[in-house]
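Engineer: Structure incoming, see below.
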Amino acid sequence: MTEWVIEAENLTRRFGAFTAVDAINLKVAAGEIFGFLGANGAGKTTAMRIFCGLLEPSSGRATVAGFDAMTQSEQIKQRIGYMSQKFSLYGKLTVKQNIRFFAGIYGLSRREVKQKTGEIVERLGLTTAADTLVDELPLGWKQRISFAVATVHQPKVVFLDEPTGGVDPIVRRQFWDMIFEASSRGVTVFVTTHYMDEAEYCDRVSIMVDGAVAAMGKPAELCAEYGVASVEEVFVALARKATRHGD
Amino acid sequence: MRNLYYILQKEFLLIFRDKTILRLIFIMPVMQLLLIPLAADYEVKHVAIAIVDQDHSSDSQRLVQKVGASAYFHIVAVPPDYRAGTTLMERGAADILLTIPPHFERDLITRGHASLQLVADAVNGVRAGLGTSYALSMVRQFQSELRALAQPAAPVGPSIEVSSASWYNPHVNYAAFMVPGILPILVTMVGAFLSSLNIVQEKEAGTIEQINVTPIRKHEFILGKLIPFWVLGMISISIGIVVARVAFQLWPAGSLLTIYVFAALYLVGVLGIGLFISTITESQQQATLLSFFIMMIFILLGGLYTPIESMPRWAQLIAAFNPPSYFIAVVRAVYIKGSTLSDLAPALAKFGGFALVFNALAMWSYKKRTA
């Protein structure tokens, strides 16, 4: 039997009269890499923020790692990692200090904190930059550190909101290697992206249009269903129907 | 508790990396204490007086000389007539215009009384008020001198003499009054500004979101912000106390410990205000404006410059809820009167309440999740 790590039933979020997320239904299995696609303004980030316990849902239900997003958001937080669109580590702290801080507040023991810090620095090939202020590092490095920090406590799920924005294909590929590596350790990956080549890396994808899930399935299945060659073409076909325009 | 350790470590690292904050902590107490007491002096000296002498008698001359000899007055002109005197005042050259009418001496001798006219430029109310009262007392002295001259042998009629003494601050040393008042303002400013900017900074940088998505507890987060700034605030007041000693030879007549006990509690309250501001604002501009607004009310109604007792009723009511006014009163009492902790115990409860209310507000308004 499949273990569902993320479940949403008619999950809805309204901001005043505007319905950002409109009764979405989806299930993500443990260990999956799930691509959460959609045009700008389609409601991806809003949905993700609800799953992470940063935003209250207006109606419907969502569970993450077996906990209710409405009533048990703090339990969820212990079991998830989150990497926001905007780089959000402490730029004025060094790489090591950032890792140590987040590992510490995720409740790792003092010994684990030390061990993890060394391990991550080594794995990222940042041994020489370990004591550099994060602000001084290139964006690609910052993104990989953010990812390492988001998974420092071995979460069940990691939520990545456009994790590879603004970097070149080689750096993106390096980032995805980290995602595959985490996935192989059993971490469920829930990722939004605008790069359709990245969508092809996912086990399954959903495409959001105007706050609703318009299509969902394995990339190959979706292509077959729409009679096209790539997820990109599926995306364009669906996104064209959108009435809402992003920023 | 363990979380708190990591939070504090992070906060202190960030503070030590921010050289502006450190400079502020050290320079602010020194500048404020050195400049304010020297510049903002209440004592009015060198009041510009113009005297219109229309009598030209020996008595009127003596009065003019008496005024001129006083340190409080500076005779700017002796205009020929009243009209010329008012022109001087209109130009702002004279604060006070004293007119000695014709027949001043004759009236004094033949009728036993005479009139003088005093006009004050009340645009600057303090100067006008004090100048007038100095001038009146001078005339009164002149009058008794005249009596003594005219009837040296005559028995002196009943007279009332008021002797006054200034307790606790015998020489009415201005710095002794002002400096202990500035210390609380200093703590208030350091505490409120630094803490009010801090959480907003995290909002702007987006780091708050990374924090909110961790299982960190609200009280741990607030304490993690409170403690570092509390330490900075205590350092700041300590520097202030040292500056007061070195520059003004002022040292509390009471116990230093009393001041620290109150400062410790008071700072927690002030930091609570700052943290509350930073939870309800979205940018550093908003936070700065709001804390500046509150600071103005705190300072103006705090009794540092204007005695609370002489404020209108409504302002006194506001002052009753103005935390700095209590701390200013406490620090002055300890410095000047030597009040002890037990003398001030009732205030201690108020300080505790103040600290509790604002930190509860900050804790309540800090939301890890947007509703």
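Ordering of the structure tokens sets the chain letters (A, B, ...); residue numbers start at 1 within each chain; ligands are numbered from 1 in the order shown.
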Using only C-alpha atoms, find which residues of chain B lie within 6 Å of chain A and jot them down as an MDAnalysis selection string.

Structural biologist: chainID B and resid 3 6 206:207 213:215 369:371

Engineer: Mind the document's chain letters and residue numbers, and return as a list in words the residues of region 71-229 of chain A that DSSP labels strand (DSSP E or B).

Structural biologist: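 Put together, the selection reads Ile80, Gly81, Tyr82, Met83, Thr94, Leu133, Val157, Val158, Phe159, Leu160, Asp161, Thr188, Val189, Phe190, Val191, Thr192, Arg204, Val205, Ser206, Ile207, Met208, Val209, Ala212, Val213, Ala214, Ala215, Met216 and Gly217 of chain A.
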
Engineer: Could you pull the residues within 12 Å of region 106-111 of chain B, counting only C-alpha atoms, minus those fewer than 5 positions along the same chain, as a PyMOL selection string?

Structural biologist: chain B and resi 55-60+100-101+116+143+146-147+149-151

Engineer: Which residues come within 9 Å of Val171 (chain A), counting only C-alpha atoms, excluding same-chain residues fewer than 5 positions away, as a ChimeraX atom specification?

Structural biologist: /A:140-141,164,176

Engineer: Calculate how many Å separate CA of Val152 (chain A) from CA of Lys116 (chain A), rounding to one decimal.

Structural biologist: 7.2 Å

Engineer: Quick one: everything within 8 Å of Ala42 (chain A), counting only C-alpha atoms, minus sequence neighbours fewer than 4 positions away in the same chain. Send it as a list in words.

Structural biologist: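 Contacts, with the query itself left out: Ala20, Val21, Gly38, Met208, Val209, Asp210, Gly211, Ala212, Arg244 and Gly246 of chain A.
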
Engineer: Would you export the selected residues with N, CA and C atoms as a PDB file, in the first residue's frame, please?

Structural biologist:
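Saved to selection.pdb:
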ATOM      1  N   ALA A  20      -6.945  32.165  -4.658  1.00  0.00           N
ATOM      2  CA  ALA A  20      -5.609  31.855  -5.177  1.00  0.00           C
ATOM      3  C   ALA A  20      -5.460  30.367  -5.465  1.00  0.00           C
ATOM      4  N   VAL A  21      -5.993  29.557  -4.534  1.00  0.00           N
ATOM      5  CA  VAL A  21      -5.951  28.108  -4.714  1.00  0.00           C
ATOM      6  C   VAL A  21      -7.395  27.636  -4.651  1.00  0.00           C
ATOM      7  N   GLY A  38       3.141  25.300 -13.116  1.00  0.00           N
ATOM      8  CA  GLY A  38       2.075  26.291 -13.309  1.00  0.00           C
ATOM      9  C   GLY A  38       2.693  27.615 -13.678  1.00  0.00           C
ATOM     10  N   MET A 208      -0.810  23.458 -12.702  1.00  0.00           N
ATOM     11  CA  MET A 208      -1.875  24.314 -12.159  1.00  0.00           C
ATOM     12  C   MET A 208      -2.211  25.419 -13.132  1.00  0.00           C
ATOM     13  N   VAL A 209      -3.500  25.630 -13.320  1.00  0.00           N
ATOM     14  CA  VAL A 209      -3.957  26.748 -14.142  1.00  0.00           C
ATOM     15  C   VAL A 209      -5.046  27.476 -13.363  1.00  0.00           C
ATOM     16  N   ASP A 210      -4.868  28.758 -13.178  1.00  0.00           N
ATOM     17  CA  ASP A 210      -5.856  29.580 -12.460  1.00  0.00           C
ATOM     18  C   ASP A 210      -6.272  28.988 -11.111  1.00  0.00           C
ATOM     19  N   GLY A 211      -5.315  28.522 -10.353  1.00  0.00           N
ATOM     20  CA  GLY A 211      -5.616  28.060  -9.007  1.00  0.00           C
ATOM     21  C   GLY A 211      -6.105  26.628  -8.913  1.00  0.00           C
ATOM     22  N   ALA A 212      -6.326  25.957 -10.052  1.00  0.00           N
ATOM     23  CA  ALA A 212      -6.814  24.583 -10.017  1.00  0.00           C
ATOM     24  C   ALA A 212      -5.796  23.655 -10.696  1.00  0.00           C
ATOM     25  N   ARG A 244      -6.088  34.117 -15.862  1.00  0.00           N
ATOM     26  CA  ARG A 244      -5.393  34.910 -14.851  1.00  0.00           C
ATOM     27  C   ARG A 244      -3.976  35.186 -15.355  1.00  0.00           C
ATOM     28  N   GLY A 246      -0.095  36.316 -14.420  1.00  0.00           N
ATOM     29  CA  GLY A 246       0.856  36.458 -13.311  1.00  0.00           C
ATOM     30  C   GLY A 246       1.547  37.805 -13.326  1.00  0.00           C
TER      31      GLY A 246
END

Engineer: Please list as a list in words every residue within 9 Å of Arg127 (chain B), counting only C-alpha atoms and excluding residues in the same chain fewer than 3 positions away.

Structural biologist: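 The residues satisfying every condition are Val44, Lys45, Val47, Asp95, Ala120, Asp121, Ala122, Val123, Asn124, Leu130, Gly131 and Thr132 of chain B.
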
Engineer: Go ahead and write the residues just picked, N, CA and C atoms, as an mmCIF file, in the first residue's frame.

Structural biologist:
data_model
loop_
_atom_site.group_PDB
_atom_site.id
_atom_site.type_symbol
_atom_site.label_atom_id
_atom_site.label_comp_id
_atom_site.auth_asym_id
_atom_site.auth_seq_id
_atom_site.Cartn_x
_atom_site.Cartn_y
_atom_site.Cartn_z
ATOM 1 N N VAL B 44 17.937 81.095 32.959
ATOM 2 C CA VAL B 44 17.936 82.167 31.977
ATOM 3 C C VAL B 44 18.874 83.254 32.480
ATOM 4 N N LYS B 45 19.885 83.514 31.697
ATOM 5 C CA LYS B 45 20.832 84.566 32.075
ATOM 6 C C LYS B 45 20.873 85.569 30.953
ATOM 7 N N VAL B 47 19.273 88.311 30.267
ATOM 8 C CA VAL B 47 18.020 88.769 29.661
ATOM 9 C C VAL B 47 18.279 90.177 29.123
ATOM 10 N N ASP B 95 14.251 91.822 25.456
ATOM 11 C CA ASP B 95 13.246 90.892 25.975
ATOM 12 C C ASP B 95 12.302 91.620 26.921
ATOM 13 N N ALA B 120 7.112 92.650 28.795
ATOM 14 C CA ALA B 120 7.977 91.529 28.413
ATOM 15 C C ALA B 120 7.572 90.980 27.051
ATOM 16 N N ASP B 121 8.557 90.603 26.279
ATOM 17 C CA ASP B 121 8.310 89.949 24.997
ATOM 18 C C ASP B 121 8.053 88.471 25.293
ATOM 19 N N ALA B 122 6.759 88.088 25.224
ATOM 20 C CA ALA B 122 6.405 86.734 25.663
ATOM 21 C C ALA B 122 6.417 85.703 24.536
ATOM 22 N N VAL B 123 7.065 86.049 23.438
ATOM 23 C CA VAL B 123 7.184 85.048 22.382
ATOM 24 C C VAL B 123 7.937 83.834 22.936
ATOM 25 N N ASN B 124 8.988 84.115 23.676
ATOM 26 C CA ASN B 124 9.655 83.061 24.423
ATOM 27 C C ASN B 124 9.144 83.155 25.858
ATOM 28 N N LEU B 130 10.610 84.428 33.476
ATOM 29 C CA LEU B 130 11.738 84.534 34.397
ATOM 30 C C LEU B 130 12.286 85.947 34.440
ATOM 31 N N GLY B 131 12.363 86.598 33.266
ATOM 32 C CA GLY B 131 12.870 87.976 33.203
ATOM 33 C C GLY B 131 12.021 88.903 34.051
ATOM 34 N N THR B 132 10.698 88.757 33.931
ATOM 35 C CA THR B 132 9.799 89.599 34.707
ATOM 36 C C THR B 132 10.002 89.374 36.201
#

Engineer: Near Gly191 (chain B), within 9 Å and counting only C-alpha atoms, which residues show up once chain neighbours fewer than 4 positions away are dropped, as a PyMOL selection string?

Structural biologist: chain B and resi 186-187+195-196+229-230+232-233+267-268+270-271+273-274

Engineer: Quick one: DSSP helix (DSSP H, G or I) residues in region 153-227 of chain A, as a PyMOL selection string?

Structural biologist: chain A and resi 169-184+196-201+219-226

Engineer: Taking only C-alpha atoms into account, which of B:Glu204, B:Glu105, B:Asp18, B:Glu11 comes nearest Glu282 (chain B)?

Structural biologist: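 Of B:Glu204, B:Glu105, B:Asp18, B:Glu11, the one nearest Glu282 (chain B) is B:Glu204, counting only C-alpha atoms.
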
Engineer: Could you jot down the CA of Val213 (chain A) to CA of Arg173 (chain A) separation for me, Å, one decimal place?

Structural biologist: 27.1 Å

Engineer: Please, what distance in Å, to one decimal, runs between CA of Phe327 (chain B) and CA of Pro184 (chain B)?

Structural biologist: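 Interatomic distance here is 6.1 Å.
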
Engineer: Tell me which of B:Gly224, B:Leu63, B:Ala48, B:Leu344 sits closest to Ala128 (chain B), counting only C-alpha atoms.

Structural biologist: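 Looking at the shortest contact to Ala128 (chain B), the residue is B:Ala48.
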